[in-house]
Amino acid sequence: MNDRRIEKKFLIEKSSQEKYIQIIKSLPIKIKKKYSSRQVNNIYLDTQTNQSFADHLDGTNKRYKCRIRWYGGFYDFNSPILEFKIKTNQVTEKKKFYLFNDKKKKFDTNKESFLNFLSEQMRKNKIVNFIKNHKVSRIIVYKRDYYESLSKNIRFTVDKDLEYKLWVNNKIKNDSSRNFVHKNFNIIEAKYDFELKHLLPSLVSAFKLKSQSYSKFIDYRY
């Protein structure tokens, strides 16, 4: 799948997840589970004036999110990637920067050290003043399952067990103050090439659900 794609989300009750997975598998596009379930770790960054957050709330036609993402244990910090996820109308594109390849690198909970590391990595990619212009916005962790079509360029992800974390006194802590009622759902996301945009009506028909505009990035902010 290329990085110019359409993404559509469906929010489902946790208890109905297996039902929708069976629907996905029954679609006539040869769906198979691609990876084992894995943990997705995200640190979102925003401008000093929270411009990305405001653009997403306003539904601005062209907007972006900036995040550091890695998979597996949170503190393992395994092969993190900094991504700019740019959305223009319905089309999403990604620009990625690989921060390092050392799988033994551990997550540094000293926030100043972490930001210095990030700043240095971005300078190596010829992006200057990155940390001067950006700040840590939120930390989100969840479990993800992957399903991919063998005959069409389409992927489904199923996200569950969302956790929001805080950076407090150089420690990462779970956010116990958050209103957890907002998390009582799982998220199915269909991701497919722009050329396959005609698929959406058939997905809506199969799920008997409307796709929803939902972003983990603006679901909660600290």
# chains A, B, ... in the order shown; residues from 1 in each chain; ligands from 1
call {"tool": "closest_atom_pairs", "arguments": {"of": "range 6-115 of chain A", "to": "range 136-150 of chain A", "cutoff": "6 Å", "atoms": "only C-alpha atoms", "output": "JSON lines"}}
result
{"residue": "A:Ile29", "atom": "CA", "partner": "A:Ser149", "partner_atom": "CA", "distance": 5.7}
{"residue": "A:Lys30", "atom": "CA", "partner": "A:Ser149", "partner_atom": "CA", "distance": 5.3}
{"residue": "A:Ile31", "atom": "CA", "partner": "A:Ser149", "partner_atom": "CA", "distance": 4.3}
{"residue": "A:Lys32", "atom": "CA", "partner": "A:Tyr147", "partner_atom": "CA", "distance": 5.4}
{"residue": "A:Lys33", "atom": "CA", "partner": "A:Tyr147", "partner_atom": "CA", "distance": 4.2}
{"residue": "A:Lys34", "atom": "CA", "partner": "A:Tyr147", "partner_atom": "CA", "distance": 5.4}
{"residue": "A:Tyr35", "atom": "CA", "partner": "A:Tyr146", "partner_atom": "CA", "distance": 5.9}
{"residue": "A:Ser37", "atom": "CA", "partner": "A:Asp145", "partner_atom": "CA", "distance": 4.8}
{"residue": "A:Arg38", "atom": "CA", "partner": "A:Arg144", "partner_atom": "CA", "distance": 5.6}
{"residue": "A:Gln39", "atom": "CA", "partner": "A:Lys143", "partner_atom": "CA", "distance": 4.5}
{"residue": "A:Val40", "atom": "CA", "partner": "A:Tyr142", "partner_atom": "CA", "distance": 5.5}
{"residue": "A:Asn41", "atom": "CA", "partner": "A:Val141", "partner_atom": "CA", "distance": 4.6}
{"residue": "A:Asn42", "atom": "CA", "partner": "A:Ile140", "partner_atom": "CA", "distance": 5.2}
{"residue": "A:Ile43", "atom": "CA", "partner": "A:Ile139", "partner_atom": "CA", "distance": 4.6}
{"residue": "A:Tyr44", "atom": "CA", "partner": "A:Arg138", "partner_atom": "CA", "distance": 5.3}
{"residue": "A:Leu45", "atom": "CA", "partner": "A:Val136", "partner_atom": "CA", "distance": 4.6}
{"residue": "A:Asp46", "atom": "CA", "partner": "A:Ser137", "partner_atom": "CA", "distance": 5.7}
call {"tool": "write_last_selection", "arguments": {"atoms": "C-alpha atoms", "output": "short mmCIF file (atom, residue, chain, number, x, y, z; two decimals), in the first residue's frame"}}
result
data_model
loop_
_atom_site.label_atom_id
_atom_site.label_comp_id
_atom_site.auth_asym_id
_atom_site.auth_seq_id
_atom_site.Cartn_x
_atom_site.Cartn_y
_atom_site.Cartn_z
CA ILE A 29 -11.38 -9.56 -1.32
CA LYS A 30 -9.43 -12.43 0.32
CA ILE A 31 -8.74 -10.94 3.75
CA LYS A 32 -6.04 -12.49 5.96
CA LYS A 33 -4.58 -11.47 9.30
CA LYS A 34 -1.19 -9.95 8.53
CA TYR A 35 0.73 -9.55 11.81
CA SER A 37 -1.33 -8.44 17.64
CA ARG A 38 1.10 -5.79 18.79
CA GLN A 39 1.28 -2.68 20.91
CA VAL A 40 1.43 0.69 19.16
CA ASN A 41 3.11 3.54 21.05
CA ASN A 42 2.63 7.17 20.01
CA ILE A 43 4.01 10.46 21.21
CA TYR A 44 2.15 13.27 19.44
CA LEU A 45 3.78 16.65 18.96
CA ASP A 46 2.11 19.95 18.25
#
call {"tool": "closest_atom_pairs", "arguments": {"of": "range 36-131 of chain A", "to": "range 184-197 of chain A", "cutoff": "9 Å", "atoms": "only C-alpha atoms", "output": "JSON lines"}}
result
{"residue": "A:Gln90", "atom": "CA", "partner": "A:Phe194", "partner_atom": "CA", "distance": 8.8}
{"residue": "A:Val91", "atom": "CA", "partner": "A:Phe194", "partner_atom": "CA", "distance": 6.9}
{"residue": "A:Thr92", "atom": "CA", "partner": "A:Phe194", "partner_atom": "CA", "distance": 9.0}
call {"tool": "write_last_selection", "arguments": {"atoms": "C-alpha atoms", "output": "CSV table (one decimal), in the first residue's frame"}}
result
chain,number,residue,atom,x,y,z
A,90,GLN,CA,-10.1,12.9,2.1
A,91,VAL,CA,-6.6,11.9,1.1
A,92,THR,CA,-3.9,11.1,3.6
call {"tool": "residues_around", "arguments": {"residues": "Lys173 in chain A", "least_positions_apart": "3", "cutoff": "12 Å", "atoms": "only C-alpha atoms", "output": "VMD selection string"}}
result
chain A and resid 74 109 138 to 141 163 to 170 176 to 177
call {"tool": "write_last_selection", "arguments": {"atoms": "N, CA and C atoms", "output": "tab-separated table (two decimals), in the first residue's frame"}}
result
chain	number	residue	atom	x	y	z
A	74	PHE	N	6.71	-0.36	25.52
A	74	PHE	CA	6.85	1.10	25.50
A	74	PHE	C	8.30	1.51	25.77
A	109	THR	N	13.19	8.57	29.97
A	109	THR	CA	12.07	9.30	30.57
A	109	THR	C	12.46	10.70	31.04
A	138	ARG	N	0.67	14.75	23.58
A	138	ARG	CA	0.06	13.66	24.34
A	138	ARG	C	0.77	12.35	24.02
A	139	ILE	N	0.53	11.37	24.87
A	139	ILE	CA	1.11	10.03	24.71
A	139	ILE	C	-0.04	9.03	24.72
A	140	ILE	N	-0.13	8.20	23.69
A	140	ILE	CA	-1.24	7.25	23.56
A	140	ILE	C	-0.67	5.88	23.19
A	141	VAL	N	-1.16	4.86	23.88
A	141	VAL	CA	-0.74	3.48	23.65
A	141	VAL	C	-1.99	2.63	23.44
A	163	GLU	N	-4.78	3.60	26.04
A	163	GLU	CA	-4.27	4.15	27.29
A	163	GLU	C	-3.65	5.51	26.99
A	164	TYR	N	-3.96	6.46	27.83
A	164	TYR	CA	-3.38	7.79	27.72
A	164	TYR	C	-2.40	7.97	28.86
A	165	LYS	N	-1.23	8.53	28.55
A	165	LYS	CA	-0.18	8.66	29.54
A	165	LYS	C	0.25	10.11	29.68
A	166	LEU	N	0.85	10.40	30.82
A	166	LEU	CA	1.34	11.74	31.13
A	166	LEU	C	2.83	11.68	31.41
A	167	TRP	N	3.51	12.76	31.07
A	167	TRP	CA	4.93	12.90	31.38
A	167	TRP	C	5.02	13.80	32.61
A	168	VAL	N	5.28	13.21	33.78
A	168	VAL	CA	5.26	13.95	35.04
A	168	VAL	C	6.58	13.76	35.77
A	169	ASN	N	7.28	14.85	36.03
A	169	ASN	CA	8.53	14.79	36.79
A	169	ASN	C	9.48	13.73	36.24
A	170	ASN	N	9.64	13.75	34.92
A	170	ASN	CA	10.54	12.83	34.23
A	170	ASN	C	10.16	11.37	34.41
A	176	SER	N	-4.81	8.91	35.13
A	176	SER	CA	-5.99	8.45	35.89
A	176	SER	C	-7.09	9.49	35.96
A	177	SER	N	-6.81	10.71	35.51
A	177	SER	CA	-7.82	11.78	35.60
A	177	SER	C	-8.74	11.80	34.39
call {"tool": "closest_atom_pairs", "arguments": {"of": "range 75-115 of chain A", "to": "range 49-55 of chain A", "cutoff": "12 Å", "atoms": "only C-alpha atoms", "output": "Markdown table"}}
result
| residue | atom | partner | partner_atom | distance |
| --- | --- | --- | --- | --- |
| A:Phe84 | CA | A:Ser52 | CA | 11.1 |
| A:Lys85 | CA | A:Ser52 | CA | 10.9 |
| A:Ile86 | CA | A:Ser52 | CA | 10.6 |
| A:Lys87 | CA | A:Asp55 | CA | 10.9 |
| A:Thr88 | CA | A:Asp55 | CA | 11.9 |
call {"tool": "write_last_selection", "arguments": {"atoms": "N, CA and C atoms", "output": "mmCIF file, in the first residue's frame"}}
result
data_model
loop_
_atom_site.group_PDB
_atom_site.id
_atom_site.type_symbol
_atom_site.label_atom_id
_atom_site.label_comp_id
_atom_site.auth_asym_id
_atom_site.auth_seq_id
_atom_site.Cartn_x
_atom_site.Cartn_y
_atom_site.Cartn_z
ATOM 1 N N PHE A 84 5.080 12.710 9.770
ATOM 2 C CA PHE A 84 4.152 13.793 9.500
ATOM 3 C C PHE A 84 3.013 13.177 8.690
ATOM 4 N N LYS A 85 1.818 13.182 9.266
ATOM 5 C CA LYS A 85 0.658 12.606 8.589
ATOM 6 C C LYS A 85 -0.180 13.766 8.068
ATOM 7 N N ILE A 86 -0.181 13.930 6.763
ATOM 8 C CA ILE A 86 -0.784 15.104 6.120
ATOM 9 C C ILE A 86 -2.094 14.685 5.458
ATOM 10 N N LYS A 87 -3.152 15.405 5.776
ATOM 11 C CA LYS A 87 -4.458 15.104 5.193
ATOM 12 C C LYS A 87 -4.938 16.285 4.365
ATOM 13 N N THR A 88 -5.232 16.021 3.104
ATOM 14 C CA THR A 88 -5.790 17.030 2.200
ATOM 15 C C THR A 88 -7.142 16.523 1.726
#
call {"tool": "residues_around", "arguments": {"residues": "Tyr20 in chain A", "least_positions_apart": "3", "cutoff": "12 Å", "atoms": "only C-alpha atoms", "output": "number ranges by chain"}}
result
A: 10-17, 23-27, 147, 156-158, 186-189, 203-204, 206-209
call {"tool": "select_by_dssp", "arguments": {"residues": "range 135-220 of chain A", "states": "strand (DSSP E)", "output": "PyMOL selection string"}}
result
chain A and resi 135-149+154-168+171-174+186-193
call {"tool": "select_by_dssp", "arguments": {"residues": "range 27-163 of chain A", "states": "alpha helix (DSSP H)", "output": "number ranges by chain"}}
result
A: 51-58, 111-124, 130-133
call {"tool": "closest_residue", "arguments": {"among": "A:Ser215, A:Asp76, A:Arg67, A:Ile21", "to": "Phe107 in chain A", "atoms": "only C-alpha atoms"}}
result
A:Asp76
call {"tool": "atom_distance", "arguments": {"atom1": "CA of Ser113 in chain A", "atom2": "CA of His134 in chain A"}}
result
15.2 Å
call {"tool": "closest_residue", "arguments": {"among": "A:Lys126, A:Ser211, A:Arg4, A:Thr60", "to": "Asn89 in chain A", "atoms": "only C-alpha atoms"}}
result
A:Thr60
call {"tool": "atom_distance", "arguments": {"atom1": "CA of Lys96 in chain A", "atom2": "CA of Pro80 in chain A"}}
result
10.2 Å
call {"tool": "closest_residue", "arguments": {"among": "A:Ile68, A:Leu199, A:Ile218, A:Ile81", "to": "Asn153 in chain A", "atoms": "only C-alpha atoms"}}
result
A:Leu199
call {"tool": "atom_distance", "arguments": {"atom1": "CA of Leu115 in chain A", "atom2": "CA of Lys160 in chain A"}}
result
28.6 Å
